[in-house]
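Student: Hey, dropping data.cif in here, mmCIF, C-alpha atoms:
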```cif
data_structure
#
loop_
_atom_site.label_atom_id
_atom_site.label_comp_id
_atom_site.auth_asym_id
_atom_site.auth_seq_id
_atom_site.Cartn_x
_atom_site.Cartn_y
_atom_site.Cartn_z
CA MET A 1303 -56.78 25.31 83.67
CA SER A 1304 -54.28 26.40 86.33
CA PRO A 1305 -53.60 30.14 86.24
CA LEU A 1306 -50.14 31.46 85.48
CA ALA A 1307 -48.08 33.01 88.28
CA ILE A 1308 -44.60 34.52 88.59
CA ASP A 1309 -42.18 31.76 89.55
CA HIS A 1310 -38.75 33.36 89.17
CA VAL A 1311 -36.58 35.70 87.17
CA ILE A 1312 -33.13 34.82 85.90
CA LEU A 1313 -30.44 37.30 86.91
CA ALA A 1314 -27.63 36.45 84.51
CA THR A 1315 -24.11 37.06 85.78
CA ALA A 1316 -20.50 36.36 84.88
CA ASP A 1317 -19.70 35.71 88.57
CA ILE A 1318 -22.36 34.01 90.70
CA HIS A 1319 -20.54 34.56 93.99
CA ALA A 1320 -19.79 38.24 93.35
CA THR A 1321 -23.40 38.96 92.39
CA ALA A 1322 -24.70 37.16 95.48
CA VAL A 1323 -22.38 39.25 97.66
CA ARG A 1324 -23.53 42.45 95.93
CA LEU A 1325 -27.24 41.71 96.41
CA GLU A 1326 -26.68 41.04 100.10
CA HIS A 1327 -24.44 44.08 100.64
CA ASP A 1328 -26.46 46.59 98.60
CA TYR A 1329 -30.02 45.41 99.25
CA GLY A 1330 -29.96 42.98 102.18
CA LEU A 1331 -31.11 40.09 99.97
CA ALA A 1332 -29.27 36.90 100.89
CA SER A 1333 -29.01 33.81 98.71
CA LEU A 1334 -28.77 30.08 99.17
CA PRO A 1335 -26.66 27.50 97.31
CA GLY A 1336 -28.44 26.17 94.25
CA GLY A 1337 -26.81 23.59 92.04
CA ARG A 1338 -25.63 22.78 88.54
CA HIS A 1339 -27.56 22.19 85.33
CA GLU A 1340 -25.63 19.19 84.12
CA GLY A 1341 -24.78 19.18 80.45
CA HIS A 1342 -25.24 22.94 80.14
CA GLY A 1343 -22.24 24.15 82.15
CA THR A 1344 -24.41 26.51 84.18
CA GLY A 1345 -25.23 26.79 87.86
CA ASN A 1346 -27.10 29.04 90.24
CA ARG A 1347 -27.77 30.51 93.63
CA ILE A 1348 -31.30 31.16 94.85
CA VAL A 1349 -32.71 34.32 96.46
CA PRO A 1350 -36.00 33.09 98.00
CA LEU A 1351 -38.76 35.70 98.21
CA GLY A 1352 -41.57 33.64 99.75
CA ASP A 1353 -43.73 32.82 96.74
CA ALA A 1354 -41.16 33.44 94.00
CA TYR A 1355 -37.40 33.77 93.73
CA ILE A 1356 -34.43 35.27 91.92
CA GLU A 1357 -32.18 32.76 90.19
CA ILE A 1358 -28.62 34.06 90.02
CA MET A 1359 -27.33 32.08 87.06
CA GLY A 1360 -23.84 31.89 85.61
CA ILE A 1361 -21.36 29.58 83.93
CA VAL A 1362 -19.66 27.06 86.22
CA ASP A 1363 -18.10 24.71 83.64
CA GLU A 1364 -16.49 26.45 80.69
CA GLU A 1365 -16.10 23.29 78.60
CA GLN A 1366 -19.74 22.27 78.92
CA ALA A 1367 -20.94 25.86 78.45
CA ALA A 1368 -18.97 26.19 75.21
CA ALA A 1369 -21.08 23.41 73.69
CA SER A 1370 -24.40 24.53 75.20
CA PRO A 1371 -26.91 27.04 73.78
CA MET A 1372 -27.66 28.08 77.36
CA GLY A 1373 -23.98 28.72 78.01
CA ALA A 1374 -23.65 30.82 74.87
CA TRP A 1375 -26.78 32.76 75.81
CA LEU A 1376 -25.49 33.50 79.31
CA ARG A 1377 -22.16 34.67 77.98
CA GLY A 1378 -23.92 37.09 75.64
CA GLN A 1379 -26.27 38.33 78.34
CA THR A 1380 -23.47 39.20 80.73
CA ALA A 1381 -21.07 40.90 78.32
CA ALA A 1382 -21.99 44.29 79.83
CA GLY A 1383 -22.55 43.10 83.41
CA ASP A 1384 -25.40 41.56 85.38
CA ARG A 1385 -28.76 41.55 83.64
CA VAL A 1386 -32.31 40.43 84.37
CA ALA A 1387 -32.52 38.10 81.41
CA ALA A 1388 -35.79 36.15 81.56
CA LEU A 1389 -39.06 35.63 83.41
CA CYS A 1390 -40.42 32.18 84.21
CA LEU A 1391 -44.12 31.65 84.88
CA ARG A 1392 -45.40 28.78 86.99
CA THR A 1393 -48.46 26.65 86.40
CA GLU A 1394 -49.49 23.13 87.35
CA ALA A 1395 -49.60 20.26 84.87
CA PRO A 1396 -53.01 20.92 83.21
CA GLY A 1397 -52.20 24.58 82.62
CA PHE A 1398 -48.63 23.84 81.60
CA ASP A 1399 -49.69 21.29 79.02
CA ALA A 1400 -52.44 23.57 77.68
CA THR A 1401 -49.98 26.48 77.36
CA ALA A 1402 -47.39 24.31 75.62
CA GLU A 1403 -50.02 23.05 73.19
CA ARG A 1404 -51.38 26.55 72.51
CA LEU A 1405 -47.92 27.92 71.73
CA ARG A 1406 -46.70 24.72 70.06
CA LEU A 1407 -43.87 24.32 72.54
CA ARG A 1408 -42.11 21.05 73.33
CA PRO A 1409 -41.91 20.38 77.10
CA LEU A 1410 -38.40 19.65 78.32
CA PRO A 1411 -37.83 17.60 81.51
CA MET A 1412 -34.99 18.93 83.65
CA SER A 1413 -33.48 18.36 87.08
CA ARG A 1414 -30.61 19.44 89.29
CA ASP A 1415 -29.03 18.11 92.44
CA ALA A 1416 -29.74 20.43 95.35
CA PRO A 1417 -27.61 20.77 98.50
CA GLY A 1418 -28.23 17.93 100.94
CA GLY A 1419 -28.54 15.31 98.22
CA ALA A 1420 -32.10 16.06 97.09
CA THR A 1421 -32.93 16.17 93.40
CA LEU A 1422 -35.30 18.84 92.09
CA SER A 1423 -37.27 17.97 88.96
CA TRP A 1424 -39.42 20.09 86.68
CA ARG A 1425 -40.62 20.56 83.13
CA LEU A 1426 -39.88 23.66 81.05
CA ALA A 1427 -41.45 25.02 77.88
CA GLY A 1428 -40.44 28.04 75.83
CA LEU A 1429 -36.93 28.52 77.22
CA GLY A 1430 -35.43 28.79 73.75
CA ASP A 1431 -37.97 31.47 72.84
CA ALA A 1432 -37.17 33.42 76.01
CA MET A 1433 -33.46 33.17 75.27
CA GLY A 1434 -34.08 34.71 71.85
CA ASP A 1435 -36.47 37.42 73.05
CA PRO A 1436 -36.51 38.56 76.72
CA SER A 1437 -40.07 39.85 76.36
CA ARG A 1438 -41.20 36.23 75.95
CA THR A 1439 -41.60 34.27 79.13
CA PHE A 1440 -40.92 30.61 79.58
CA PHE A 1441 -43.06 28.23 81.62
CA ILE A 1442 -42.42 25.72 84.38
CA ASP A 1443 -44.26 22.79 85.95
CA TRP A 1444 -42.54 21.88 89.21
CA GLN A 1445 -42.55 18.19 90.06
CA VAL A 1446 -41.62 18.56 93.72
CA PRO A 1447 -43.66 18.99 96.92
CA PRO A 1448 -44.53 22.66 97.64
CA GLU A 1449 -42.16 22.83 100.62
CA ARG A 1450 -39.21 21.96 98.35
CA HIS A 1451 -39.90 24.76 95.90
CA PRO A 1452 -36.81 27.04 95.79
CA ALA A 1453 -38.86 30.06 96.86
CA ARG A 1454 -39.53 28.37 100.22
CA GLY A 1455 -35.89 28.33 101.29
CA VAL A 1456 -34.97 30.22 104.44
CA ALA A 1457 -32.26 32.79 103.75
CA PRO A 1458 -30.69 35.23 106.25
CA HIS A 1459 -32.03 38.38 104.59
CA ARG A 1460 -31.43 41.72 106.33
CA VAL A 1461 -34.75 42.90 104.89
CA GLU A 1462 -38.13 41.18 104.62
CA PRO A 1463 -38.94 40.44 100.97
CA ALA A 1464 -42.55 39.90 99.98
CA GLY A 1465 -42.29 38.50 96.47
CA PHE A 1466 -42.07 40.63 93.36
CA ALA A 1467 -43.78 44.01 93.37
CA TRP A 1468 -43.91 43.73 89.59
CA VAL A 1469 -42.13 42.28 86.57
CA GLU A 1470 -42.22 44.33 83.39
CA LEU A 1471 -42.07 42.84 79.90
CA ALA A 1472 -41.27 45.45 77.26
CA GLY A 1473 -41.43 45.06 73.50
CA ASP A 1474 -44.22 44.40 71.01
CA GLU A 1475 -47.17 44.74 73.38
CA ASP A 1476 -49.66 42.81 71.24
CA ALA A 1477 -47.19 39.94 70.70
CA ILE A 1478 -46.42 39.74 74.42
CA ARG A 1479 -50.09 39.60 75.39
CA THR A 1480 -50.74 36.94 72.76
CA TRP A 1481 -47.84 34.90 74.11
CA LEU A 1482 -49.10 35.14 77.69
CA GLY A 1483 -52.68 34.35 76.72
CA GLU A 1484 -54.02 35.81 79.98
CA ASP A 1485 -53.36 38.55 82.52
CA VAL A 1486 -50.74 37.39 85.02
CA PRO A 1487 -50.80 38.96 88.50
CA GLY A 1488 -47.75 41.17 88.99
CA VAL A 1489 -46.74 41.18 85.31
CA ARG A 1490 -47.07 44.44 83.41
CA VAL A 1491 -46.63 44.82 79.67
CA THR A 1492 -45.28 47.94 77.96
CA SER A 1493 -44.46 48.91 74.41
CA ALA A 1494 -40.77 49.46 73.59
CA PRO A 1495 -38.57 49.38 70.48
CA GLU A 1496 -36.22 46.83 72.08
CA PRO A 1497 -37.45 43.79 74.07
CA SER A 1498 -36.42 43.62 77.71
CA VAL A 1499 -37.46 42.43 81.14
CA ARG A 1500 -36.95 44.11 84.51
CA CYS A 1501 -38.44 43.71 87.95
CA ALA A 1502 -38.79 45.06 91.46
CA VAL A 1503 -38.73 43.03 94.66
CA ALA A 1504 -41.39 44.07 97.16
CA LEU A 1505 -40.32 44.64 100.77
CA ALA A 1506 -42.62 44.22 103.74
CA ASP A 1507 -41.93 47.82 104.84
CA GLY A 1508 -43.36 49.12 101.57
CA GLY A 1509 -40.03 49.63 99.82
CA GLN A 1510 -38.85 48.09 96.59
CA VAL A 1511 -35.58 46.81 95.18
CA LEU A 1512 -35.33 47.50 91.45
CA LEU A 1513 -33.48 45.01 89.27
CA GLY A 1514 -33.05 45.42 85.56
#
```
Now that the file is in, can you turn its structure into structure tokens?
Tutor:
Amino acid sequence: MSPLAIDHVILATADIHATAVRLEHDYGLASLPGGRHEGHGTGNRIVPLGDAYIEIMGIVDEEQAAASPMGAWLRGQTAAGDRVAALCLRTEAPGFDATAERLRLRPLPMSRDAPGGATLSWRLAGLGDAMGDPSRTFFIDWQVPPERHPARGVAPHRVEPAGFAWVELAGDEDAIRTWLGEDVPGVRVTSAPEPSVRCAVALADGGQVLLG
């Protein structure tokens, strides 16, 4: 079975552009245009980190978002400002299918049009669970060539990111570990009365950028 790995975190925001500007100004982390999730009223920008990425996600179509569970979730997440809202773990098809079966999750095919006319396709599992509890990850099986993975984009960073130093899932520690089913490199689990997720971007000079 393919091992799990950190794919991306969702940084939920009420203003995609403003958050992208802030990350570049405050931390030197630039972003690239993403696209829209049709039918959900949401869109994104991508902060590529080499082997993983930050997805800056917000509402781009109020009418669609009003009728979408994802839109309602984003609105709730951003009521008090930007928030690291969810962690997505990557695995290839055999591991993805085994994880979905173990957790009794229904895979959901998704796609979005990327800049330049390309279409990115993938399968998700567990997104609804992650939306209800940030200490629960969701899972992705990318159906694109490795070079088209969003983490591989070339962004004009003023620093040199080297992936995530760590992503922390806090909540019911036993429940989180049962959900994961295995140790995931870079993911740490802590006990806390309220579920949450936060992370730190590793920099090549040894520094870190804390998000959470």
Student: Mind working out the centre and edge lengths of an axis-aligned box for range 1425-1428 of chain A, all listed atoms inside, 3 Å added to each side, rounded to one decimal in Å and written as JSON?
Tutor:
```
{"center_x": -40.7, "center_y": 24.3, "center_z": 79.5, "size_x": 7.6, "size_y": 13.5, "size_z": 13.3}
```
Student: Run the PyMOL selection byres ((chain A and resi 1423) around 8) against the file shown and list the residues it catches, as a list in words.
Tutor: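 Answer for the PyMOL selection byres ((chain A and resi 1423) around 8): Pro1411, Met1412, Ser1413, Arg1414, Thr1421, Leu1422, Trp1424, Arg1425, Trp1444, Gln1445 and Val1446 of chain A.
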Student: If you measure from CA of Pro1305 in chain A to CA of Arg1479 in chain A, what distance in Å do you get, rounded to one decimal?
Tutor: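 Interatomic distance here is 14.8 Å.
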Student: Contacts between range 1484-1492 of chain A and range 1316-1427 of chain A, please, where a residue of range 1316-1427 of chain A counts if it comes within 12 Å (with only C-alpha atoms); show its shortest atom pair and distance in Å to one decimal, rows by chain and ascending number, as JSON lines.
Tutor:
```
{"residue": "A:Ala1354", "atom": "CA", "partner": "A:Gly1488", "partner_atom": "CA", "distance": 11.3}
{"residue": "A:Leu1389", "atom": "CA", "partner": "A:Val1489", "partner_atom": "CA", "distance": 9.7}
{"residue": "A:Cys1390", "atom": "CA", "partner": "A:Val1489", "partner_atom": "CA", "distance": 11.1}
{"residue": "A:Leu1391", "atom": "CA", "partner": "A:Val1486", "partner_atom": "CA", "distance": 8.8}
{"residue": "A:Arg1392", "atom": "CA", "partner": "A:Val1486", "partner_atom": "CA", "distance": 10.3}
{"residue": "A:Thr1393", "atom": "CA", "partner": "A:Val1486", "partner_atom": "CA", "distance": 11.1}
{"residue": "A:Gly1397", "atom": "CA", "partner": "A:Glu1484", "partner_atom": "CA", "distance": 11.7}
{"residue": "A:Thr1401", "atom": "CA", "partner": "A:Glu1484", "partner_atom": "CA", "distance": 10.5}
```
Student: Got time to write the residues from that selection, C-alpha atoms, as an mmCIF file, in the coordinates of the input?
Tutor:
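File result-v4.cif, as written:
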```
data_model
loop_
_atom_site.group_PDB
_atom_site.id
_atom_site.type_symbol
_atom_site.label_atom_id
_atom_site.label_comp_id
_atom_site.auth_asym_id
_atom_site.auth_seq_id
_atom_site.Cartn_x
_atom_site.Cartn_y
_atom_site.Cartn_z
ATOM 1 C CA ALA A 1354 -41.160 33.440 94.000
ATOM 2 C CA LEU A 1389 -39.060 35.630 83.410
ATOM 3 C CA CYS A 1390 -40.420 32.180 84.210
ATOM 4 C CA LEU A 1391 -44.120 31.650 84.880
ATOM 5 C CA ARG A 1392 -45.400 28.780 86.990
ATOM 6 C CA THR A 1393 -48.460 26.650 86.400
ATOM 7 C CA GLY A 1397 -52.200 24.580 82.620
ATOM 8 C CA THR A 1401 -49.980 26.480 77.360
#
```
Student: So that I can see what lies close to range 1437-1441 of chain A, please list as a PyMOL selection string the residues with an atom at most 9 Å from it, counting only C-alpha atoms and leaving out residues fewer than 5 positions away in the same chain.
Tutor: chain A and resi 1306+1309+1388-1393+1398+1401-1402+1425-1432+1470-1474+1477-1478+1481-1482+1491+1497-1499
Student: Just so the selection is clear, what residues does the PyMOL selection byres ((chain A and resi 1316-1318) around 9) cover here, as a list in words?
Tutor: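 With the PyMOL selection byres ((chain A and resi 1316-1318) around 9) on this model, the match is Ala1314, Thr1315, His1319, Ala1320, Thr1321, Ala1322, Val1323, Gly1345, Asn1346, Arg1347, Ile1358, Met1359, Gly1360, Ile1361, Val1362, Leu1376, Arg1377, Gln1379, Thr1380, Ala1381, Gly1383 and Asp1384 of chain A.
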Student: So that I can see what lies close to Ile1312 in chain A, please list as a ChimeraX atom specification the residues with an atom at most 6 Å from it, counting all atoms listed in the file and leaving out residues fewer than 4 positions away in the same chain.
Tutor: /A:1357,1386-1388
Student: Could you take the residues named above and write them with C-alpha atoms, as a compact mmCIF listing (two decimals), in the coordinates of the input?
Tutor:
```txt
# COMPACT_ATOMS: atom_id res chain seq x y z
CA GLU A 1357 -32.18 32.76 90.19
CA VAL A 1386 -32.31 40.43 84.37
CA ALA A 1387 -32.52 38.10 81.41
CA ALA A 1388 -35.79 36.15 81.56
```
Student: In terms of the shortest atom-to-atom distance over all atoms listed in the file, which of A:Pro1371, A:Pro1458, A:Gly1509, A:Gly1418 is closest to Val1349 in chain A?
Tutor: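 Under the stated criterion, the closest residue is A:Pro1458.
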Student: When you draw a straight line from CA of Asp1415 in chain A to CA of Ala1374 in chain A, how long is it in Å?
Tutor: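 If I compute the distance from CA of Asp1415 in chain A to CA of Ala1374 in chain A, I get 22.3 Å.
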Student: Suppose a student applies the PyMOL selection byres ((chain A and resi 1457) around 8) to this structure; what residues should they get, written as a list in words?
Tutor: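 Checked against the file, the PyMOL selection byres ((chain A and resi 1457) around 8) matches Ala1332, Ser1333, Leu1334, Val1349, Pro1350, Gly1455, Val1456, Pro1458 and His1459 of chain A.
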Student: Mind giving me the straight-line distance from CA of Gly1336 in chain A to CA of Asp1507 in chain A in Å, one decimal?
Tutor: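 These atoms are spaced 27.6 Å apart.
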Student: For Val1503 in chain A, which residue among A:Leu1405, A:Met1372, A:Ala1382, A:Leu1331 is the nearest when counting only C-alpha atoms?
Tutor: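 Residue with the minimum atom-to-atom distance to Val1503 in chain A: A:Leu1331.
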Student: Using only C-alpha atoms, pick whichever of A:Thr1344, A:Pro1335, A:Arg1450, A:Gly1514 has the shortest atom-to-atom distance to Cys1501 in chain A.
Tutor: A:Gly1514
